[in-house]
$ cat entry.csv   # CSV, C-alpha atoms
chain,number,residue,atom,x,y,z
A,1404,MET,CA,54.0,194.3,-128.1
A,1405,SER,CA,50.9,194.6,-130.4
A,1406,ILE,CA,48.9,197.8,-130.3
A,1407,ARG,CA,45.6,197.2,-128.5
A,1408,PRO,CA,42.4,199.0,-129.5
A,1409,ALA,CA,41.5,202.1,-127.5
A,1410,ILE,CA,38.4,201.9,-125.3
A,1411,ALA,CA,36.0,204.6,-124.2
A,1412,CYS,CA,33.7,204.6,-121.2
A,1413,LEU,CA,30.8,207.0,-121.4
A,1414,GLY,CA,30.2,208.3,-117.8
A,1415,ALA,CA,32.7,208.6,-115.0
A,1416,GLY,CA,30.7,206.6,-112.3
A,1417,ARG,CA,31.5,203.3,-110.7
A,1418,MET,CA,30.9,201.2,-113.8
A,1419,GLY,CA,33.0,203.4,-116.1
A,1420,ARG,CA,35.8,203.3,-113.6
A,1421,GLY,CA,35.6,199.5,-113.1
A,1422,ILE,CA,35.6,198.9,-116.9
A,1423,ALA,CA,38.5,201.3,-117.3
A,1424,VAL,CA,40.5,199.3,-114.7
A,1425,ALA,CA,39.8,196.0,-116.4
A,1426,PHE,CA,40.9,197.2,-119.8
A,1427,ALA,CA,43.9,199.2,-118.6
A,1428,TYR,CA,45.1,196.1,-116.7
A,1429,ALA,CA,44.9,194.2,-120.0
A,1430,GLY,CA,47.0,196.8,-121.8
A,1431,HIS,CA,44.4,199.1,-123.4
A,1432,ASN,CA,44.3,202.9,-123.3
A,1433,VAL,CA,41.0,204.0,-121.9
A,1434,ALA,CA,39.2,207.3,-122.1
A,1435,ILE,CA,36.6,208.0,-119.4
A,1436,VAL,CA,34.3,210.5,-121.1
A,1437,ASP,CA,32.5,213.0,-118.8
A,1438,PHE,CA,29.3,213.9,-120.7
A,1439,LYS,CA,28.2,216.7,-118.5
A,1440,ALA,CA,29.0,220.4,-119.0
A,1441,ARG,CA,31.1,221.5,-116.0
A,1442,TYR,CA,33.2,224.5,-115.1
A,1443,ALA,CA,36.9,223.7,-115.2
A,1444,ASP,CA,37.4,223.4,-111.5
A,1445,LYS,CA,34.4,221.0,-111.2
A,1446,PHE,CA,35.9,218.9,-114.0
A,1447,LYS,CA,39.3,218.9,-112.3
A,1448,ALA,CA,37.7,217.7,-109.1
A,1449,LEU,CA,35.9,214.9,-110.9
A,1450,GLU,CA,39.1,213.9,-112.8
A,1451,ALA,CA,41.1,213.8,-109.6
A,1452,GLU,CA,38.4,211.7,-107.8
A,1453,ALA,CA,38.1,209.2,-110.7
A,1454,LEU,CA,41.8,208.7,-111.2
A,1455,GLY,CA,42.3,208.6,-107.4
A,1456,GLU,CA,39.8,205.8,-107.1
A,1457,ILE,CA,41.4,203.9,-110.0
A,1458,ARG,CA,44.8,204.3,-108.4
A,1459,LYS,CA,43.4,202.9,-105.1
A,1460,THR,CA,41.9,200.0,-107.0
A,1461,PHE,CA,45.2,199.1,-108.6
A,1462,ALA,CA,46.9,199.4,-105.2
A,1463,SER,CA,44.4,196.9,-103.7
A,1464,MET,CA,45.0,194.6,-106.6
A,1465,ALA,CA,48.8,194.8,-105.8
A,1466,ARG,CA,48.1,193.8,-102.2
A,1467,PHE,CA,46.1,190.8,-103.6
A,1468,GLY,CA,49.2,189.8,-105.6
A,1469,LEU,CA,47.6,190.6,-109.0
A,1470,LEU,CA,50.4,193.1,-109.9
A,1471,THR,CA,53.3,194.8,-108.2
A,1472,GLU,CA,53.3,198.3,-106.7
A,1473,ALA,CA,55.8,199.3,-109.4
A,1474,ASP,CA,53.1,198.5,-112.0
A,1475,ILE,CA,50.5,200.9,-110.6
A,1476,GLU,CA,51.5,204.1,-112.2
A,1477,THR,CA,52.0,202.5,-115.6
A,1478,LEU,CA,48.5,201.1,-115.4
A,1479,VAL,CA,46.9,204.4,-114.2
A,1480,SER,CA,48.7,206.3,-117.0
A,1481,ARG,CA,46.6,204.3,-119.5
A,1482,VAL,CA,43.4,206.0,-118.3
A,1483,ILE,CA,42.4,209.6,-119.0
A,1484,VAL,CA,39.3,211.5,-118.0
A,1485,VAL,CA,38.0,213.6,-120.9
A,1486,PRO,CA,35.7,216.6,-120.5
A,1487,GLU,CA,32.6,217.1,-122.6
A,1488,ALA,CA,34.5,219.3,-125.1
A,1489,GLY,CA,36.9,216.5,-125.9
A,1490,ALA,CA,34.3,213.8,-126.2
A,1491,GLY,CA,34.3,213.7,-130.0
A,1492,ALA,CA,38.0,213.0,-130.4
A,1493,ALA,CA,37.9,210.4,-127.6
A,1494,LEU,CA,34.8,208.5,-128.9
A,1495,SER,CA,35.7,208.5,-132.6
A,1496,SER,CA,39.2,207.0,-131.9
A,1497,SER,CA,37.8,204.1,-129.8
A,1498,ALA,CA,37.1,200.6,-130.9
A,1499,ILE,CA,34.3,200.1,-128.4
A,1500,ILE,CA,32.3,202.6,-126.3
A,1501,PHE,CA,30.8,201.3,-123.1
A,1502,GLU,CA,27.9,203.5,-122.0
A,1503,GLY,CA,27.4,203.7,-118.2
A,1504,VAL,CA,25.2,206.7,-117.5
A,1505,PRO,CA,22.5,206.5,-114.9
A,1506,GLU,CA,19.7,204.0,-115.3
A,1507,VAL,CA,17.1,206.5,-116.6
A,1508,LEU,CA,15.7,205.8,-120.1
A,1509,ASP,CA,15.7,209.4,-121.3
A,1510,GLN,CA,19.2,210.0,-120.1
A,1511,LYS,CA,20.5,206.9,-121.7
A,1512,ARG,CA,18.8,207.6,-125.0
A,1513,ASP,CA,20.1,211.2,-125.0
A,1514,ALA,CA,23.6,210.1,-124.2
A,1515,LEU,CA,23.6,207.3,-126.8
A,1516,ALA,CA,22.3,209.6,-129.5
A,1517,ARG,CA,25.0,212.2,-128.8
A,1518,ALA,CA,27.7,209.7,-128.5
A,1519,SER,CA,26.8,207.9,-131.7
A,1520,GLN,CA,26.9,211.2,-133.6
A,1521,LEU,CA,30.2,212.3,-132.2
A,1522,ALA,CA,31.8,208.8,-132.6
A,1523,GLY,CA,30.9,208.4,-136.3
A,1524,PRO,CA,29.8,205.0,-137.7
A,1525,SER,CA,32.9,202.9,-136.9
A,1526,PRO,CA,33.0,202.3,-133.1
A,1527,VAL,CA,30.9,199.6,-131.5
A,1528,ILE,CA,28.6,201.0,-128.8
A,1529,ALA,CA,27.6,198.8,-125.8
A,1530,SER,CA,25.2,199.9,-123.1
A,1531,THR,CA,26.0,198.5,-119.6
A,1532,THR,CA,22.4,198.9,-118.5
A,1533,SER,CA,21.2,196.2,-116.0
A,1534,THR,CA,17.5,197.0,-116.5
A,1535,ILE,CA,16.7,198.5,-120.0
A,1536,LEU,CA,16.4,196.2,-123.0
A,1537,VAL,CA,18.6,196.8,-126.0
A,1538,ASP,CA,15.7,197.2,-128.4
A,1539,ASP,CA,14.2,199.9,-126.1
A,1540,ILE,CA,17.2,202.2,-126.7
A,1541,SER,CA,18.7,201.1,-130.0
A,1542,SER,CA,16.7,203.6,-132.0
A,1543,ALA,CA,18.6,206.4,-130.3
A,1544,VAL,CA,21.9,205.1,-131.9
A,1545,GLU,CA,23.0,206.0,-135.4
A,1546,HIS,CA,23.8,202.7,-137.2
A,1547,PRO,CA,22.1,200.5,-134.6
A,1548,GLU,CA,23.6,197.4,-136.1
A,1549,ARG,CA,26.8,198.3,-134.1
A,1550,PHE,CA,24.9,198.5,-130.8
A,1551,LEU,CA,24.2,195.9,-128.1
A,1552,ASN,CA,24.1,195.6,-124.3
A,1553,ALA,CA,27.1,194.4,-122.3
A,1554,HIS,CA,26.1,193.9,-118.7
A,1555,TRP,CA,29.1,193.7,-116.3
A,1556,LEU,CA,28.7,192.6,-112.7
A,1557,ASN,CA,30.3,194.7,-110.0
A,1558,PRO,CA,33.2,194.9,-109.2
A,1559,ALA,CA,33.7,194.9,-113.0
A,1560,TYR,CA,37.4,194.6,-112.8
A,1561,LEU,CA,37.2,191.3,-110.8
A,1562,VAL,CA,34.0,189.5,-111.8
A,1563,PRO,CA,34.8,187.5,-114.9
A,1564,LEU,CA,31.2,187.3,-116.4
A,1565,VAL,CA,29.8,189.8,-118.9
A,1566,GLU,CA,26.3,189.2,-120.2
A,1567,VAL,CA,26.2,190.2,-123.9
A,1568,SER,CA,22.7,190.9,-125.2
A,1569,PRO,CA,22.3,191.7,-128.9
A,1570,GLY,CA,19.2,193.4,-130.2
A,1571,ALA,CA,17.0,192.7,-133.3
A,1572,LYS,CA,19.2,195.0,-135.4
A,1573,THR,CA,22.6,194.0,-134.0
A,1574,ASP,CA,25.0,192.6,-136.6
A,1575,PRO,CA,26.2,189.2,-135.5
A,1576,ALA,CA,29.7,190.2,-136.4
A,1577,VAL,CA,29.5,192.9,-133.8
A,1578,THR,CA,28.5,190.4,-131.2
A,1579,ALA,CA,31.4,188.2,-132.1
A,1580,ARG,CA,33.8,191.2,-132.0
A,1581,VAL,CA,32.7,192.2,-128.5
A,1582,LYS,CA,33.0,188.6,-127.3
A,1583,GLU,CA,36.5,188.4,-128.7
A,1584,MET,CA,37.5,191.7,-127.1
A,1585,LEU,CA,36.2,190.6,-123.7
A,1586,GLU,CA,37.8,187.2,-123.9
A,1587,GLY,CA,41.1,189.0,-124.8
A,1588,ILE,CA,41.1,190.8,-121.4
A,1589,GLY,CA,40.2,187.6,-119.5
A,1590,LYS,CA,36.5,188.0,-119.2
A,1591,VAL,CA,33.9,185.3,-119.7
A,1592,PRO,CA,31.2,186.6,-122.0
A,1593,VAL,CA,27.8,184.8,-122.4
A,1594,VAL,CA,25.2,185.7,-125.0
A,1595,CYS,CA,21.6,186.0,-124.0
A,1596,ALA,CA,18.4,187.2,-125.6
A,1597,ALA,CA,17.1,190.7,-125.0
A,1598,THR,CA,14.9,189.8,-122.0
A,1599,PRO,CA,14.4,191.4,-118.6
A,1600,GLY,CA,16.9,190.4,-116.0
A,1601,TYR,CA,19.4,188.8,-118.4
A,1602,ILE,CA,20.7,185.6,-116.7
A,1603,VAL,CA,22.3,186.4,-113.4
A,1604,PRO,CA,20.0,189.2,-112.1
A,1605,ARG,CA,17.0,187.1,-113.0
A,1606,ILE,CA,18.3,184.0,-111.0
A,1607,GLN,CA,19.8,186.0,-108.1
A,1608,ALA,CA,16.6,188.0,-107.6
A,1609,MET,CA,14.6,184.8,-107.0
A,1610,ALA,CA,17.4,183.4,-104.7
A,1611,MET,CA,17.8,186.6,-102.7
A,1612,ASN,CA,14.0,187.0,-102.2
A,1613,GLU,CA,13.7,183.4,-101.1
A,1614,ALA,CA,16.5,183.9,-98.6
A,1615,ALA,CA,14.7,187.0,-97.2
A,1616,ARG,CA,11.4,185.1,-97.1
A,1617,MET,CA,13.0,182.4,-95.0
A,1618,VAL,CA,14.2,185.0,-92.5
A,1619,GLU,CA,10.7,186.4,-92.5
A,1620,GLU,CA,9.2,182.9,-91.9
A,1621,GLY,CA,11.7,182.1,-89.1
A,1622,VAL,CA,13.2,179.2,-91.0
A,1623,ALA,CA,16.8,180.1,-90.0
A,1624,SER,CA,18.8,183.1,-88.9
A,1625,PRO,CA,20.4,185.4,-91.6
A,1626,GLU,CA,23.8,184.2,-90.5
A,1627,ASP,CA,22.9,180.5,-90.9
A,1628,ILE,CA,21.2,181.1,-94.2
A,1629,ASP,CA,24.3,182.9,-95.6
A,1630,LYS,CA,26.5,180.1,-94.2
A,1631,ALA,CA,24.3,177.6,-96.0
A,1632,ILE,CA,24.7,179.5,-99.2
A,1633,LYS,CA,28.5,179.9,-98.9
A,1634,TYR,CA,29.3,176.4,-98.0
A,1635,GLY,CA,26.5,174.5,-99.7
A,1636,PHE,CA,24.7,176.2,-102.5
A,1637,GLY,CA,27.6,178.5,-103.6
A,1638,PHE,CA,30.2,175.8,-103.0
A,1639,ARG,CA,28.6,173.4,-105.5
A,1640,PHE,CA,27.7,176.0,-108.1
A,1641,ALA,CA,31.2,177.5,-108.2
A,1642,VAL,CA,32.1,174.2,-109.8
A,1643,LEU,CA,28.9,173.0,-111.5
A,1644,GLY,CA,26.5,175.2,-113.4
A,1645,LEU,CA,22.9,175.0,-112.3
A,1646,LEU,CA,21.8,173.0,-115.3
A,1647,GLU,CA,24.9,170.9,-115.2
A,1648,PHE,CA,24.0,170.1,-111.6
A,1649,VAL,CA,20.6,169.0,-112.6
A,1650,ASP,CA,22.2,166.6,-115.1
A,1651,TRP,CA,24.7,165.5,-112.5
A,1652,GLY,CA,22.1,164.2,-110.1
A,1653,GLY,CA,19.4,163.6,-112.7
A,1654,GLY,CA,16.5,165.7,-113.9
A,1655,ASP,CA,14.1,163.2,-112.3
A,1656,ILE,CA,15.3,164.4,-108.9
A,1657,LEU,CA,14.4,168.0,-109.7
A,1658,TYR,CA,11.0,166.9,-111.1
A,1659,TYR,CA,10.0,165.0,-107.9
A,1660,ALA,CA,11.6,167.5,-105.5
A,1661,SER,CA,9.7,170.3,-107.2
A,1662,LYS,CA,6.4,168.5,-106.9
A,1663,TYR,CA,7.0,167.9,-103.2
A,1664,LEU,CA,7.9,171.5,-102.4
A,1665,THR,CA,5.0,172.8,-104.4
A,1666,GLY,CA,2.6,170.8,-102.3
A,1667,ALA,CA,4.4,171.0,-99.0
A,1668,LEU,CA,4.8,174.8,-99.1
A,1669,ASN,CA,1.5,175.3,-101.0
A,1670,ASN,CA,3.2,177.6,-103.6
A,1671,ASP,CA,3.5,177.3,-107.3
A,1672,ARG,CA,6.8,179.2,-107.3
A,1673,TYR,CA,8.5,175.8,-106.7
A,1674,SER,CA,6.9,174.0,-109.7
A,1675,SER,CA,9.0,172.9,-112.6
A,1676,PRO,CA,8.8,174.4,-116.0
A,1677,GLU,CA,7.5,172.2,-118.8
A,1678,ILE,CA,11.0,171.4,-120.1
A,1679,VAL,CA,11.8,169.4,-117.0
A,1680,GLY,CA,8.9,167.0,-117.5
A,1681,ARG,CA,9.4,166.9,-121.2
A,1682,ASN,CA,13.1,165.9,-120.7
A,1683,MET,CA,11.9,163.1,-118.5
A,1684,ALA,CA,9.4,161.9,-121.0
A,1685,GLU,CA,12.1,161.8,-123.7
A,1686,GLY,CA,14.6,160.0,-121.4
A,1687,LYS,CA,16.9,163.0,-121.2
A,1688,ILE,CA,17.7,162.6,-117.5
A,1689,GLY,CA,21.3,163.7,-117.6
A,1690,LEU,CA,24.6,161.9,-117.1
A,1691,LYS,CA,23.0,158.6,-116.5
A,1692,THR,CA,21.3,158.7,-120.0
A,1693,GLY,CA,24.0,160.6,-121.9
A,1694,GLU,CA,21.8,163.7,-122.4
A,1695,GLY,CA,19.9,166.1,-120.3
A,1696,PHE,CA,20.1,169.9,-120.6
A,1697,LEU,CA,23.7,169.2,-121.9
A,1698,ASN,CA,24.9,166.5,-124.2
A,1699,TYR,CA,27.3,163.9,-122.8
A,1700,GLU,CA,27.6,161.7,-125.8
A,1701,GLY,CA,31.1,160.3,-126.1
A,1702,LEU,CA,32.2,161.9,-122.8
A,1703,ASP,CA,34.5,160.0,-120.5
A,1704,VAL,CA,32.1,160.2,-117.6
A,1705,ASP,CA,34.6,158.9,-115.0
A,1706,ALA,CA,37.2,161.4,-116.0
A,1707,TYR,CA,34.6,164.2,-116.0
A,1708,ARG,CA,33.4,163.3,-112.5
A,1709,GLU,CA,37.0,163.1,-111.3
A,1710,GLY,CA,37.7,166.6,-112.7
A,1711,ARG,CA,34.7,168.1,-111.0
A,1712,LEU,CA,35.4,166.3,-107.7
A,1713,SER,CA,39.0,167.6,-107.8
A,1714,ALA,CA,37.7,171.1,-108.2
A,1715,PHE,CA,35.6,170.6,-105.1
A,1716,VAL,CA,38.7,169.6,-103.2
A,1717,ASP,CA,40.4,172.8,-104.4
A,1718,LEU,CA,37.5,174.8,-102.9
A,1719,LEU,CA,37.8,172.9,-99.6
A,1720,LYS,CA,41.5,174.0,-99.5
A,1721,HIS,CA,40.5,177.5,-100.4
A,1722,PHE,CA,38.1,177.7,-97.4
A,1723,GLN,CA,40.7,175.9,-95.3
A,1724,LEU,CA,38.1,173.2,-94.5
A,1725,GLN,CA,40.1,170.1,-95.6
A,1726,LYS,CA,41.4,167.9,-92.8
A,1727,PRO,CA,43.7,164.9,-92.8
A,1728,PRO,CA,42.2,161.5,-92.2
A,1729,VAL,CA,42.0,160.2,-88.6
A,1730,LEU,CA,44.1,157.1,-88.6
$ encode --input "entry.csv" --output "structure tokens"
Amino acid sequence: MSIRPAIACLGAGRMGRGIAVAFAYAGHNVAIVDFKARYADKFKALEAEALGEIRKTFASMARFGLLTEADIETLVSRVIVVPEAGAGAALSSSAIIFEGVPEVLDQKRDALARASQLAGPSPVIASTTSTILVDDISSAVEHPERFLNAHWLNPAYLVPLVEVSPGAKTDPAVTARVKEMLEGIGKVPVVCAATPGYIVPRIQAMAMNEAARMVEEGVASPEDIDKAIKYGFGFRFAVLGLLEFVDWGGGDILYYASKYLTGALNNDRYSSPEIVGRNMAEGKIGLKTGEGFLNYEGLDVDAYREGRLSAFVDLLKHFQLQKPPVL
């Protein structure tokens, strides 16, 4: 078996523990570094709590069939919790350091500055912040070309997506290295610009607020709204991406539907961005024209549709909603 690079998680909270589980499961040794000065008994309590939670997580994964109970202790043994005094050795021997301290700018800057000094110039450093832009904290890092944001979605050990956001000073080779490392443990990294909300939080904030607004307006009950999301919205977008779905039906449908909703609900939040109208003017409607947001030139459209429909059927089976024909 090849030797896998060591990983460090800066901070012993939920995110650090979740990332530790993901990498330990994939064969990496992980050091969870506690960056707070604590008396020995307080550190021992933290260590026991963190490792206990990690053990429980692996036990639940065993119940889900992702591993066997016999695997649990082997996986847990790959994770250590390191006190502040041992931070230098743990950080400097790691290939990537994932910072997961609380979402407070000054705390993050302080932690990143100390970590980059202790680690030396070699390890890649990635902040897992969900709110602070990479360029707002990169100046705290020595050798900022090895620094970027890597936003994991909780639970980090289960959700495949990681949003990777390089900054103005990030070396493209570092971005590629982080993507490769994440793909190596079964994650699906996407690269996005340093912009508030990344991709998923920006979209889901609008969707969640709209759902809450519909409850407020009496459109439907919370239970029925959530049912509509699970079996309609979420069902489709578990197979088709949002922009792929636009292309699937046609960008013209989105254009005219947006105009109607904007007028009917008297609110500009439903209006289309300029790119939707521009695509229509340029004949980029989607599958029917061979190009939309995505390019379908040379694609076997029938085979593509068949594959997506097959995935829908798999979801029906997952939800136990498929029924035999009535003959």
$ residues_around --input "entry.csv" --residues "stretch 1578-1590 of chain A" --least-positions-apart "4" --cutoff "10 Å" --atoms "only C-alpha atoms" --output "ChimeraX atom specification"
/A:1407-1408,1425-1431,1498-1499,1527-1529,1548-1553,1555,1559-1570,1573-1574,1594
$ closest_residue --input "entry.csv" --among "A:Glu1487, A:Val1642, A:Thr1665, A:Arg1458" --to "A:Arg1441" --atoms "all atoms listed in the file"
A:Glu1487
$ atom_distance --input "entry.csv" --atom1 "atom CA of A:Val1433" --atom2 "atom CA of A:Tyr1601"
26.6 Å
$ residues_around --input "entry.csv" --residues "A:Asp1655" --least-positions-apart "2" --cutoff "7 Å" --atoms "only C-alpha atoms" --output "ChimeraX atom specification"
/A:1653,1657-1659,1683,1688
$ write_last_selection --input "entry.csv" --atoms "C-alpha atoms" --output "PDB file, keeping the file's coordinate frame"
ATOM      1  CA  GLY A1653      19.400 163.600-112.700  1.00  0.00           C
ATOM      2  CA  LEU A1657      14.400 168.000-109.700  1.00  0.00           C
ATOM      3  CA  TYR A1658      11.000 166.900-111.100  1.00  0.00           C
ATOM      4  CA  TYR A1659      10.000 165.000-107.900  1.00  0.00           C
ATOM      5  CA  MET A1683      11.900 163.100-118.500  1.00  0.00           C
ATOM      6  CA  ILE A1688      17.700 162.600-117.500  1.00  0.00           C
TER       7      ILE A1688
END
$ atom_distance --input "entry.csv" --atom1 "atom CA of A:Val1679" --atom2 "atom CA of A:Tyr1699"
17.4 Å
$ atom_distance --input "entry.csv" --atom1 "atom CA of A:Gln1725" --atom2 "atom CA of A:Asp1650"
26.7 Å
$ residues_around --input "entry.csv" --residues "A:Met1464" --least-positions-apart "2" --cutoff "12 Å" --atoms "all atoms listed in the file" --output "list in words"
Val1424, Ala1425, Tyr1428, Ile1457, Arg1458, Lys1459, Thr1460, Phe1461, Ala1462, Arg1466, Phe1467, Gly1468, Leu1469, Leu1470, Thr1471, Glu1472, Asp1474, Ile1475, Leu1478, Tyr1560 and Leu1561 of chain A
$ closest_residue --input "entry.csv" --among "A:Gly1419, A:Pro1728, A:Pro1575, A:Gly1414" --to "A:Pro1558" --atoms "only C-alpha atoms"
A:Gly1419
$ closest_residue --input "entry.csv" --among "A:Ala1518, A:Ile1540, A:Ala1571, A:Leu1668" --to "A:Glu1620" --atoms "all atoms listed in the file"
A:Leu1668
$ closest_residue --input "entry.csv" --among "A:Arg1708, A:Lys1447, A:Lys1662, A:His1546" --to "A:Ser1519" --atoms "all atoms listed in the file"
A:His1546
$ closest_residue --input "entry.csv" --among "A:Ala1473, A:Ala1490, A:Ala1440, A:Ala1714" --to "A:Phe1640" --atoms "all atoms listed in the file"
A:Ala1714
$ residues_around --input "entry.csv" --residues "A:Tyr1634" --least-positions-apart "6" --cutoff "12 Å" --atoms "all atoms listed in the file" --output "list in words"
Asp1627, Ile1628, Phe1640, Ala1641, Phe1715, Leu1718, Leu1719, His1721, Phe1722, Gln1723 and Leu1724 of chain A
$ closest_residue --input "entry.csv" --among "A:Leu1449, A:Ile1410, A:Leu1515, A:Ala1434" --to "A:Gly1489" --atoms "all atoms listed in the file"
A:Ala1434
$ axis_aligned_box --input "entry.csv" --around "stretch 1573-1579 of chain A" --padding-each-side "5 Å" --output "AutoDock Vina command-line options"
--center_x 27.0 --center_y 191.1 --center_z -133.9 --size_x 18.8 --size_y 15.8 --size_z 15.4
$ residues_around --input "entry.csv" --residues "A:Ile1435" --least-positions-apart "5" --cutoff "9 Å" --atoms "all atoms listed in the file" --output "mmCIF file with C-alpha atoms, in the frame of the given file"
data_model
loop_
_atom_site.group_PDB
_atom_site.id
_atom_site.type_symbol
_atom_site.label_atom_id
_atom_site.label_comp_id
_atom_site.auth_asym_id
_atom_site.auth_seq_id
_atom_site.Cartn_x
_atom_site.Cartn_y
_atom_site.Cartn_z
ATOM 1 C CA ILE A 1410 38.400 201.900 -125.300
ATOM 2 C CA ALA A 1411 36.000 204.600 -124.200
ATOM 3 C CA CYS A 1412 33.700 204.600 -121.200
ATOM 4 C CA LEU A 1413 30.800 207.000 -121.400
ATOM 5 C CA GLY A 1414 30.200 208.300 -117.800
ATOM 6 C CA ALA A 1415 32.700 208.600 -115.000
ATOM 7 C CA GLY A 1419 33.000 203.400 -116.100
ATOM 8 C CA ARG A 1420 35.800 203.300 -113.600
ATOM 9 C CA ALA A 1423 38.500 201.300 -117.300
ATOM 10 C CA ALA A 1453 38.100 209.200 -110.700
ATOM 11 C CA VAL A 1482 43.400 206.000 -118.300
ATOM 12 C CA ILE A 1483 42.400 209.600 -119.000
ATOM 13 C CA VAL A 1484 39.300 211.500 -118.000
ATOM 14 C CA VAL A 1485 38.000 213.600 -120.900
ATOM 15 C CA PRO A 1486 35.700 216.600 -120.500
ATOM 16 C CA ALA A 1493 37.900 210.400 -127.600
#
$ build_atoms --input "entry.csv" --residues "stretch 1652-1670 of chain A" --atoms "N, CA and C atoms" --output "mmCIF file, keeping the file's coordinate frame"
data_model
loop_
_atom_site.group_PDB
_atom_site.id
_atom_site.type_symbol
_atom_site.label_atom_id
_atom_site.label_comp_id
_atom_site.auth_asym_id
_atom_site.auth_seq_id
_atom_site.Cartn_x
_atom_site.Cartn_y
_atom_site.Cartn_z
ATOM 1 N N GLY A 1652 22.906 165.068 -111.001
ATOM 2 C CA GLY A 1652 22.100 164.200 -110.100
ATOM 3 C C GLY A 1652 20.953 163.542 -110.832
ATOM 4 N N GLY A 1653 20.468 164.161 -111.898
ATOM 5 C CA GLY A 1653 19.400 163.600 -112.700
ATOM 6 C C GLY A 1653 18.158 164.522 -112.647
ATOM 7 N N GLY A 1654 17.625 164.792 -113.822
ATOM 8 C CA GLY A 1654 16.500 165.700 -113.900
ATOM 9 C C GLY A 1654 15.244 165.127 -113.226
ATOM 10 N N ASP A 1655 15.191 163.814 -113.019
ATOM 11 C CA ASP A 1655 14.100 163.200 -112.300
ATOM 12 C C ASP A 1655 14.040 163.679 -110.844
ATOM 13 N N ILE A 1656 15.221 163.896 -110.253
ATOM 14 C CA ILE A 1656 15.300 164.400 -108.900
ATOM 15 C C ILE A 1656 14.668 165.754 -108.761
ATOM 16 N N LEU A 1657 15.012 166.627 -109.701
ATOM 17 C CA LEU A 1657 14.400 168.000 -109.700
ATOM 18 C C LEU A 1657 12.920 167.900 -109.888
ATOM 19 N N TYR A 1658 12.464 167.038 -110.771
ATOM 20 C CA TYR A 1658 11.000 166.900 -111.100
ATOM 21 C C TYR A 1658 10.260 166.544 -109.798
ATOM 22 N N TYR A 1659 10.710 165.488 -109.101
ATOM 23 C CA TYR A 1659 10.000 165.000 -107.900
ATOM 24 C C TYR A 1659 10.159 165.945 -106.730
ATOM 25 N N ALA A 1660 11.338 166.540 -106.588
ATOM 26 C CA ALA A 1660 11.600 167.500 -105.500
ATOM 27 C C ALA A 1660 10.682 168.720 -105.662
ATOM 28 N N SER A 1661 10.533 169.158 -106.906
ATOM 29 C CA SER A 1661 9.700 170.300 -107.200
ATOM 30 C C SER A 1661 8.240 170.051 -106.857
ATOM 31 N N LYS A 1662 7.778 168.869 -107.209
ATOM 32 C CA LYS A 1662 6.400 168.500 -106.900
ATOM 33 C C LYS A 1662 6.156 168.478 -105.412
ATOM 34 N N TYR A 1663 7.119 167.929 -104.677
ATOM 35 C CA TYR A 1663 7.000 167.900 -103.200
ATOM 36 C C TYR A 1663 6.928 169.253 -102.605
ATOM 37 N N LEU A 1664 7.875 170.113 -102.988
ATOM 38 C CA LEU A 1664 7.900 171.500 -102.400
ATOM 39 C C LEU A 1664 6.709 172.276 -102.770
ATOM 40 N N THR A 1665 6.217 172.110 -103.977
ATOM 41 C CA THR A 1665 5.000 172.800 -104.400
ATOM 42 C C THR A 1665 3.837 172.495 -103.502
ATOM 43 N N GLY A 1666 3.707 171.207 -103.187
ATOM 44 C CA GLY A 1666 2.600 170.800 -102.300
ATOM 45 C C GLY A 1666 2.846 171.107 -100.863
ATOM 46 N N ALA A 1667 4.062 170.821 -100.373
ATOM 47 C CA ALA A 1667 4.400 171.000 -99.000
ATOM 48 C C ALA A 1667 4.307 172.471 -98.541
ATOM 49 N N LEU A 1668 4.761 173.352 -99.430
ATOM 50 C CA LEU A 1668 4.800 174.800 -99.100
ATOM 51 C C LEU A 1668 3.606 175.519 -99.748
ATOM 52 N N ASN A 1669 2.774 174.760 -100.455
ATOM 53 C CA ASN A 1669 1.500 175.300 -101.000
ATOM 54 C C ASN A 1669 1.826 176.565 -101.868
ATOM 55 N N ASN A 1670 2.812 176.451 -102.747
ATOM 56 C CA ASN A 1670 3.200 177.600 -103.600
ATOM 57 C C ASN A 1670 3.708 177.159 -104.904
#
